[in-house]
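Engineer: Have a peek at entry30.tsv (TSV, C-alpha atoms).
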```tsv
chain	number	residue	atom	x	y	z
K	226	MET	CA	-134.29	-170.26	-41.50
K	227	LEU	CA	-133.49	-167.52	-43.99
K	228	TYR	CA	-129.86	-168.64	-43.62
K	229	ALA	CA	-130.74	-172.01	-45.18
K	230	VAL	CA	-132.18	-170.17	-48.21
K	231	PHE	CA	-128.96	-168.16	-48.59
K	232	GLY	CA	-127.05	-171.43	-48.23
K	233	VAL	CA	-128.98	-173.07	-51.08
K	234	VAL	CA	-128.45	-170.08	-53.41
K	235	PHE	CA	-124.75	-169.93	-52.49
K	236	GLY	CA	-124.38	-173.68	-52.99
K	237	ILE	CA	-125.96	-173.61	-56.45
K	238	VAL	CA	-123.74	-170.76	-57.61
K	239	GLY	CA	-120.63	-172.19	-55.91
K	240	GLY	CA	-121.28	-175.67	-57.32
K	241	MET	CA	-121.25	-174.14	-60.77
K	242	GLY	CA	-117.89	-172.57	-60.00
K	243	LEU	CA	-119.10	-169.01	-60.39
K	244	GLY	CA	-117.78	-167.59	-57.13
K	245	GLY	CA	-120.59	-167.97	-54.61
K	246	GLY	CA	-118.73	-166.84	-51.49
K	247	ILE	CA	-117.99	-163.43	-52.79
K	248	VAL	CA	-121.75	-162.84	-53.19
K	249	LEU	CA	-122.71	-164.51	-49.90
K	250	ILE	CA	-120.69	-162.02	-47.82
K	251	PRO	CA	-122.57	-158.90	-49.02
K	252	ALA	CA	-125.84	-160.86	-48.68
K	253	LEU	CA	-125.06	-161.54	-45.00
K	254	THR	CA	-123.86	-158.02	-44.18
K	255	LEU	CA	-126.34	-155.97	-46.23
K	256	LEU	CA	-129.48	-158.09	-45.75
K	257	MET	CA	-128.91	-159.79	-42.37
K	258	GLY	CA	-126.86	-157.08	-40.68
K	259	ALA	CA	-123.94	-159.39	-39.85
K	260	GLY	CA	-120.54	-157.84	-39.09
K	261	GLN	CA	-117.86	-158.12	-41.77
K	262	HIS	CA	-115.74	-160.61	-39.77
K	263	THR	CA	-118.78	-162.76	-38.91
K	264	ALA	CA	-119.94	-162.83	-42.54
K	265	GLN	CA	-116.46	-163.88	-43.71
K	266	GLY	CA	-116.19	-166.64	-41.10
K	267	MET	CA	-119.66	-168.00	-41.90
K	268	THR	CA	-118.88	-168.01	-45.62
K	269	LEU	CA	-115.74	-170.06	-45.00
K	270	PHE	CA	-117.76	-172.68	-43.12
K	271	ALA	CA	-120.50	-172.78	-45.78
K	272	TYR	CA	-117.82	-173.28	-48.44
K	273	MET	CA	-116.61	-176.58	-46.97
K	274	PRO	CA	-119.55	-178.96	-47.64
K	275	MET	CA	-120.04	-177.47	-51.10
K	276	ALA	CA	-116.36	-177.73	-52.07
K	277	LEU	CA	-116.07	-181.27	-50.72
K	278	ALA	CA	-118.90	-182.42	-52.99
K	279	ALA	CA	-117.49	-180.70	-56.07
K	280	LEU	CA	-113.96	-181.88	-55.30
K	281	THR	CA	-115.06	-185.53	-55.18
K	282	ILE	CA	-116.45	-185.17	-58.70
K	283	HIS	CA	-113.21	-183.58	-59.98
K	284	ILE	CA	-111.03	-186.30	-58.41
K	285	LYS	CA	-113.21	-188.97	-60.03
K	286	LYS	CA	-112.72	-187.26	-63.39
K	287	LYS	CA	-108.94	-187.20	-62.72
K	288	GLN	CA	-108.58	-183.46	-63.27
K	289	ILE	CA	-106.30	-182.89	-60.29
K	290	ARG	CA	-102.50	-182.77	-60.60
K	291	LEU	CA	-101.37	-183.70	-57.10
K	292	ARG	CA	-97.87	-182.15	-57.13
K	293	GLN	CA	-99.13	-178.79	-58.35
K	294	VAL	CA	-101.93	-178.84	-55.79
K	295	LEU	CA	-99.57	-179.69	-52.90
K	296	LEU	CA	-97.19	-176.89	-53.86
K	297	LEU	CA	-100.01	-174.33	-54.07
K	298	THR	CA	-101.65	-175.57	-50.88
K	299	GLY	CA	-98.46	-175.37	-48.81
K	300	PHE	CA	-97.82	-171.76	-49.76
K	301	GLY	CA	-101.56	-171.07	-49.74
K	302	CYS	CA	-101.91	-172.03	-46.07
K	303	THR	CA	-99.05	-169.69	-45.15
K	304	GLY	CA	-100.80	-166.91	-47.06
K	305	GLY	CA	-104.11	-167.87	-45.41
K	306	ALA	CA	-102.70	-167.49	-41.91
K	307	LEU	CA	-101.18	-164.11	-42.85
K	308	GLY	CA	-104.51	-162.97	-44.34
K	309	TYR	CA	-106.43	-164.01	-41.23
K	310	TRP	CA	-103.92	-162.20	-39.03
K	311	LEU	CA	-104.40	-158.98	-41.03
K	312	ALA	CA	-108.21	-159.37	-40.94
K	313	SER	CA	-108.17	-159.89	-37.15
K	314	VAL	CA	-106.22	-156.68	-36.47
K	315	LEU	CA	-108.39	-154.58	-38.83
K	316	ALA	CA	-111.63	-152.97	-37.61
K	317	GLY	CA	-114.83	-154.33	-39.20
K	318	GLU	CA	-115.51	-151.04	-41.00
K	319	THR	CA	-112.01	-150.91	-42.53
K	320	LEU	CA	-112.21	-154.55	-43.63
K	321	ARG	CA	-115.61	-153.86	-45.17
K	322	ILE	CA	-114.25	-151.01	-47.30
K	323	ILE	CA	-111.23	-153.06	-48.49
K	324	PHE	CA	-113.55	-155.96	-49.31
K	325	ALA	CA	-115.88	-153.64	-51.25
K	326	VAL	CA	-112.96	-152.40	-53.38
K	327	PHE	CA	-111.84	-156.01	-53.94
K	328	LEU	CA	-115.42	-156.92	-54.94
K	329	ILE	CA	-115.65	-154.11	-57.49
K	330	ALA	CA	-112.20	-154.93	-58.92
K	331	THR	CA	-113.16	-158.61	-59.28
K	332	ALA	CA	-116.44	-157.68	-60.97
K	333	LEU	CA	-114.59	-155.48	-63.47
K	334	LEU	CA	-112.01	-158.22	-64.13
K	335	ARG	CA	-114.83	-160.72	-64.76
K	336	ALA	CA	-116.65	-158.33	-67.08
K	337	TRP	CA	-113.41	-157.78	-69.00
K	338	ARG	CA	-112.58	-161.48	-69.31
K	339	GLN	CA	-116.07	-162.66	-70.20
K	340	GLU	CA	-117.65	-159.91	-72.27
K	341	ILE	CA	-115.61	-156.79	-73.02
K	342	GLY	CA	-112.34	-158.53	-74.05
K	343	PRO	CA	-113.94	-161.01	-76.49
K	344	TRP	CA	-116.19	-158.25	-77.87
K	345	LEU	CA	-113.21	-155.96	-78.58
K	346	LYS	CA	-111.29	-158.83	-80.21
K	347	LYS	CA	-114.26	-159.66	-82.43
K	348	ARG	CA	-114.58	-156.03	-83.43
K	349	ARG	CA	-110.89	-155.68	-84.23
K	350	GLU	CA	-110.95	-158.85	-86.34
K	351	GLY	CA	-114.08	-157.61	-88.10
K	352	LYS	CA	-112.38	-154.31	-88.93
K	353	ALA	CA	-109.23	-156.05	-90.24
K	354	GLN	CA	-111.47	-158.22	-92.40
K	355	SER	CA	-113.42	-155.32	-93.89
K	356	GLY	CA	-110.16	-153.40	-94.43
K	357	LYS	CA	-108.84	-156.29	-96.50
K	358	ASN	CA	-112.03	-156.45	-98.54
K	359	ALA	CA	-111.90	-152.71	-99.24
K	360	GLY	CA	-108.31	-153.13	-100.49
K	361	GLN	CA	-109.37	-155.88	-102.88
K	362	ASN	CA	-112.27	-153.83	-104.25
K	363	HIS	CA	-109.99	-150.97	-104.98
W	489	MET	CA	-87.84	-173.78	-61.30
W	490	LYS	CA	-89.16	-170.43	-62.50
W	491	GLN	CA	-92.61	-172.02	-62.95
W	492	LYS	CA	-92.45	-173.33	-59.40
W	493	ILE	CA	-91.65	-169.91	-57.98
W	494	LYS	CA	-94.56	-168.42	-59.94
W	495	LYS	CA	-96.90	-171.11	-58.63
W	496	ALA	CA	-95.66	-170.59	-55.07
W	497	ALA	CA	-96.45	-166.89	-55.49
W	498	VAL	CA	-99.94	-167.74	-56.79
W	499	GLY	CA	-100.39	-169.93	-53.68
W	500	ILE	CA	-99.34	-167.25	-51.20
W	501	VAL	CA	-101.43	-164.49	-52.81
W	502	SER	CA	-104.54	-166.71	-53.11
W	503	GLY	CA	-104.21	-167.91	-49.54
W	504	PHE	CA	-103.77	-164.35	-48.33
W	505	ILE	CA	-106.98	-163.27	-50.11
W	506	ALA	CA	-108.87	-166.30	-48.75
W	507	GLY	CA	-107.75	-165.57	-45.19
W	508	LEU	CA	-108.30	-161.82	-45.40
W	509	PHE	CA	-111.72	-161.82	-47.08
W	510	GLY	CA	-113.05	-165.33	-46.35
W	511	SER	CA	-113.70	-165.75	-50.08
W	512	GLY	CA	-112.27	-164.94	-53.47
W	513	GLY	CA	-109.18	-167.13	-53.07
W	514	GLY	CA	-110.52	-169.53	-55.70
W	515	ILE	CA	-110.85	-166.74	-58.25
W	516	ALA	CA	-107.21	-165.78	-57.56
W	517	VAL	CA	-106.03	-169.39	-58.07
W	518	VAL	CA	-107.88	-169.67	-61.39
W	519	GLU	CA	-106.57	-166.33	-62.71
W	520	GLY	CA	-103.04	-167.03	-61.45
W	521	LEU	CA	-102.82	-170.55	-62.92
W	522	GLU	CA	-104.17	-169.39	-66.26
W	523	LEU	CA	-101.46	-166.73	-66.31
W	524	THR	CA	-98.83	-169.45	-65.75
W	525	GLY	CA	-100.25	-171.49	-68.62
W	526	THR	CA	-102.66	-174.00	-67.07
W	527	GLU	CA	-105.78	-174.64	-69.18
W	528	GLU	CA	-109.10	-173.36	-67.83
W	529	HIS	CA	-110.95	-176.49	-66.66
W	530	ARG	CA	-107.81	-177.81	-64.94
W	531	ALA	CA	-107.34	-174.44	-63.25
W	532	HIS	CA	-110.93	-174.62	-61.93
W	533	ALA	CA	-110.43	-178.13	-60.56
W	534	ALA	CA	-107.07	-177.15	-59.03
W	535	SER	CA	-108.59	-174.06	-57.41
W	536	LEU	CA	-111.10	-176.23	-55.51
W	537	ALA	CA	-108.38	-178.66	-54.40
W	538	VAL	CA	-106.11	-175.82	-53.26
W	539	ILE	CA	-108.72	-173.62	-51.60
W	540	PHE	CA	-110.42	-176.43	-49.68
W	541	PRO	CA	-107.57	-177.06	-47.17
W	542	ILE	CA	-106.92	-173.30	-46.92
W	543	SER	CA	-110.63	-172.77	-46.14
W	544	VAL	CA	-110.53	-175.45	-43.44
W	545	LEU	CA	-107.59	-173.65	-41.82
W	546	SER	CA	-109.13	-170.17	-42.19
W	547	ALA	CA	-112.55	-171.37	-41.00
W	548	ALA	CA	-110.91	-172.88	-37.90
W	549	LEU	CA	-109.08	-169.58	-37.25
W	550	TYR	CA	-112.30	-167.54	-37.61
W	551	GLY	CA	-114.16	-170.09	-35.46
W	552	PHE	CA	-111.62	-170.00	-32.63
W	553	GLY	CA	-111.48	-166.21	-33.04
W	554	GLY	CA	-115.14	-166.19	-31.94
W	555	TYR	CA	-116.51	-164.62	-35.12
W	556	VAL	CA	-118.89	-167.42	-36.11
W	557	PRO	CA	-122.42	-167.90	-34.64
W	558	LEU	CA	-123.10	-171.66	-34.41
W	559	LYS	CA	-126.84	-172.01	-35.12
W	560	GLU	CA	-127.00	-169.68	-38.12
W	561	THR	CA	-123.89	-171.29	-39.61
W	562	ILE	CA	-125.38	-174.80	-39.36
W	563	TRP	CA	-128.45	-173.64	-41.34
W	564	LEU	CA	-126.18	-171.98	-43.87
W	565	CYS	CA	-124.01	-175.11	-44.28
W	566	GLY	CA	-127.04	-177.39	-44.72
W	567	GLY	CA	-128.41	-175.11	-47.41
W	568	ALA	CA	-125.01	-174.87	-49.11
W	569	ALA	CA	-124.62	-178.65	-49.29
W	570	ALA	CA	-128.07	-179.02	-50.92
W	571	GLY	CA	-127.37	-176.13	-53.27
W	572	GLY	CA	-123.99	-177.56	-54.24
W	573	VAL	CA	-125.62	-180.77	-55.46
W	574	ILE	CA	-128.34	-178.84	-57.32
W	575	GLY	CA	-125.69	-176.62	-58.92
W	576	ALA	CA	-123.58	-179.57	-60.09
W	577	VAL	CA	-126.63	-181.35	-61.55
W	578	PHE	CA	-128.08	-178.34	-63.38
W	579	LEU	CA	-124.74	-176.94	-64.53
W	580	LYS	CA	-125.23	-177.95	-68.14
W	581	ARG	CA	-128.91	-177.11	-68.40
W	582	VAL	CA	-128.94	-173.37	-67.90
W	583	GLY	CA	-127.15	-170.58	-69.68
W	584	VAL	CA	-123.91	-170.22	-67.70
W	585	ARG	CA	-122.95	-167.05	-69.56
W	586	MET	CA	-126.20	-165.32	-68.55
W	587	LEU	CA	-125.75	-166.37	-64.90
W	588	ASN	CA	-122.14	-165.23	-64.98
W	589	ASN	CA	-123.16	-161.78	-66.17
W	590	ILE	CA	-125.94	-161.48	-63.60
W	591	PHE	CA	-123.40	-162.30	-60.89
W	592	THR	CA	-120.85	-159.84	-62.20
W	593	LEU	CA	-123.50	-157.11	-62.00
W	594	LEU	CA	-124.56	-158.27	-58.53
W	595	MET	CA	-120.93	-158.12	-57.34
W	596	LEU	CA	-120.49	-154.64	-58.78
W	597	ALA	CA	-123.72	-153.41	-57.17
W	598	SER	CA	-123.00	-154.87	-53.73
W	599	GLY	CA	-119.42	-153.60	-53.86
W	600	ILE	CA	-120.64	-150.06	-54.49
W	601	ARG	CA	-123.36	-150.42	-51.84
W	602	MET	CA	-120.79	-151.60	-49.25
W	603	LEU	CA	-118.60	-148.57	-49.84
W	604	PHE	CA	-121.28	-146.25	-48.48
```
Could you write out this structure as structure tokens?
Structural biologist:
Amino acid sequence: MLYAVFGVVFGIVGGMGLGGGIVLIPALTLLMGAGQHTAQGMTLFAYMPMALAALTIHIKKKQIRLRQVLLLTGFGCTGGALGYWLASVLAGETLRIIFAVFLIATALLRAWRQEIGPWLKKRREGKAQSGKNAGQNH
Amino acid sequence: MKQKIKKAAVGIVSGFIAGLFGSGGGIAVVEGLELTGTEEHRAHAASLAVIFPISVLSAALYGFGGYVPLKETIWLCGGAAAGGVIGAVFLKRVGVRMLNNIFTLLMLASGIRMLF
């Protein structure tokens, strides 16, 4: 039953396009004691109904460029098979550590893109502005 | 031609991440496409369209690999479908920036927790 609750939370976040899966995996391993491989497999299945719903909306709004999507998907599936192969030969513990590093890196990238980068830019522009003003006063 | 090679590279890397980690491929598609000059909302839509077939393939591989418990996964999928609809409906009503930041912190915290 608790799984349904996780599903709802994941769906809400995923439906908003905020990266639900990446949070569902630690929820399953840390809170439910699932193995790393199991958590990753379950997340992939949970992703499908959510993505299908969101995708329908995007297609209706005509935001999909078919040729670009086909190109990416073709190469993406090759990459996907390679990734699964690597995951299947790795031990759960090893995969868990690599995933944790990936998680931290993604979090830092997000923080940079959403908060730190714009904040620095604003600050730099503010400084340039005040520098100009000081020049005029002089 | 150069653009196509770049996009093929984005496809392979994103697929690799999706297959290896079972998630995060979408983030890679969005970042990669924005680097090659696609605007943000189109990149988000494209990431869903690209990652969906890759997820179907990877999910099948994990399923046949015997990693996925049936009953728990059905509960999870049901919840995810309901949540997906709720998320799409309420998308414009809540502060997305706030949620984004909460999730970034949550990712950072669980990443550190999983290391030890």
Engineer: Using only C-alpha atoms, pick whichever of K:Thr303, K:Gln354, K:Gln339, K:Gln261 has the shortest atom-to-atom distance to Ile500 in chain W.
Structural biologist: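 Closest residue, counting only C-alpha atoms: K:Thr303.
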Engineer: To one decimal place, how far is CA of Glu318 in chain K from CA of Gly260 in chain K in Å?
Structural biologist: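 Going from CA of Glu318 in chain K over to CA of Gly260 in chain K, I get 8.7 Å.
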Engineer: Please list as a list in words every residue within 7 Å of Leu508 in chain W, counting all atoms listed in the file and excluding residues in the same chain fewer than 4 positions away.
Structural biologist: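 Skipping anything fewer than 4 positions along the chain leaves Gly308, Tyr309, Leu311 and Ala312 of chain K; Phe504 of chain W.
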Engineer: Please provide the set of residues having any atom within 10 Å of Ala325 in chain K, restricted to only C-alpha atoms, with same-chain residues fewer than 6 positions apart removed, written as a PyMOL selection string.
Structural biologist: (chain K and resi 251+319+331) or (chain W and resi 595-604)
Engineer: Do you have the CA of Gly572 in chain W-CA of Met275 in chain K distance handy?
Structural biologist: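 Going from CA of Gly572 in chain W over to CA of Met275 in chain K, I get 5.0 Å.
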Engineer: Using N, CA and C atoms, give me range 267-290 of chain K from the structure I just pasted, as a JSON list (two decimals), in the first residue's frame.
Structural biologist:
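This is the output file result15.json:
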```json
[["chain", "number", "residue", "atom", "x", "y", "z"],
["K", 267, "MET", "N", 11.78, -0.98, -10.88],
["K", 267, "MET", "CA", 10.44, -0.52, -10.50],
["K", 267, "MET", "C", 10.20, 0.90, -10.95],
["K", 268, "THR", "N", 11.22, 1.74, -10.84],
["K", 268, "THR", "CA", 11.09, 3.14, -11.26],
["K", 268, "THR", "C", 10.80, 3.23, -12.75],
["K", 269, "LEU", "N", 11.48, 2.39, -13.53],
["K", 269, "LEU", "CA", 11.25, 2.39, -14.98],
["K", 269, "LEU", "C", 9.80, 2.05, -15.30],
["K", 270, "PHE", "N", 9.24, 1.06, -14.58],
["K", 270, "PHE", "CA", 7.85, 0.69, -14.83],
["K", 270, "PHE", "C", 6.90, 1.82, -14.42],
["K", 271, "ALA", "N", 7.17, 2.44, -13.26],
["K", 271, "ALA", "CA", 6.30, 3.51, -12.77],
["K", 271, "ALA", "C", 6.33, 4.71, -13.71],
["K", 272, "TYR", "N", 7.45, 4.88, -14.41],
["K", 272, "TYR", "CA", 7.61, 6.02, -15.31],
["K", 272, "TYR", "C", 6.64, 5.95, -16.49],
["K", 273, "MET", "N", 6.33, 4.71, -16.94],
["K", 273, "MET", "CA", 5.58, 4.56, -18.19],
["K", 273, "MET", "C", 4.17, 5.18, -18.17],
["K", 274, "PRO", "N", 3.31, 4.84, -17.19],
["K", 274, "PRO", "CA", 1.96, 5.45, -17.24],
["K", 274, "PRO", "C", 2.01, 6.97, -17.11],
["K", 275, "MET", "N", 2.96, 7.46, -16.29],
["K", 275, "MET", "CA", 3.06, 8.90, -16.08],
["K", 275, "MET", "C", 3.51, 9.61, -17.36],
["K", 276, "ALA", "N", 4.53, 9.04, -18.03],
["K", 276, "ALA", "CA", 5.07, 9.66, -19.25],
["K", 276, "ALA", "C", 4.05, 9.62, -20.38],
["K", 277, "LEU", "N", 3.30, 8.52, -20.45],
["K", 277, "LEU", "CA", 2.31, 8.38, -21.51],
["K", 277, "LEU", "C", 1.27, 9.49, -21.43],
["K", 278, "ALA", "N", 0.82, 9.77, -20.20],
["K", 278, "ALA", "CA", -0.17, 10.84, -19.98],
["K", 278, "ALA", "C", 0.41, 12.19, -20.39],
["K", 279, "ALA", "N", 1.61, 12.49, -19.92],
["K", 279, "ALA", "CA", 2.22, 13.79, -20.21],
["K", 279, "ALA", "C", 2.53, 13.94, -21.70],
["K", 280, "LEU", "N", 2.95, 12.83, -22.31],
["K", 280, "LEU", "CA", 3.30, 12.84, -23.73],
["K", 280, "LEU", "C", 2.09, 13.16, -24.61],
["K", 281, "THR", "N", 0.93, 12.59, -24.25],
["K", 281, "THR", "CA", -0.30, 12.87, -24.99],
["K", 281, "THR", "C", -0.57, 14.37, -25.02],
["K", 282, "ILE", "N", -0.39, 15.01, -23.86],
["K", 282, "ILE", "CA", -0.63, 16.45, -23.77],
["K", 282, "ILE", "C", 0.33, 17.22, -24.69],
["K", 283, "HIS", "N", 1.62, 16.82, -24.67],
["K", 283, "HIS", "CA", 2.62, 17.50, -25.50],
["K", 283, "HIS", "C", 2.33, 17.33, -26.99],
["K", 284, "ILE", "N", 1.91, 16.12, -27.39],
["K", 284, "ILE", "CA", 1.62, 15.87, -28.80],
["K", 284, "ILE", "C", 0.43, 16.73, -29.24],
["K", 285, "LYS", "N", -0.57, 16.84, -28.37],
["K", 285, "LYS", "CA", -1.73, 17.68, -28.68],
["K", 285, "LYS", "C", -1.31, 19.13, -28.87],
["K", 286, "LYS", "N", -0.35, 19.58, -28.08],
["K", 286, "LYS", "CA", 0.12, 20.97, -28.18],
["K", 286, "LYS", "C", 1.13, 21.14, -29.30],
["K", 287, "LYS", "N", 1.42, 20.05, -30.02],
["K", 287, "LYS", "CA", 2.35, 20.07, -31.17],
["K", 287, "LYS", "C", 3.74, 20.59, -30.79],
["K", 288, "GLN", "N", 4.28, 20.08, -29.71],
["K", 288, "GLN", "CA", 5.61, 20.51, -29.28],
["K", 288, "GLN", "C", 6.70, 19.49, -29.63],
["K", 289, "ILE", "N", 6.30, 18.46, -30.38],
["K", 289, "ILE", "CA", 7.26, 17.39, -30.68],
["K", 289, "ILE", "C", 7.73, 17.49, -32.14],
["K", 290, "ARG", "N", 9.05, 17.52, -32.33],
["K", 290, "ARG", "CA", 9.60, 17.46, -33.69],
["K", 290, "ARG", "C", 9.98, 16.02, -33.98]]
```
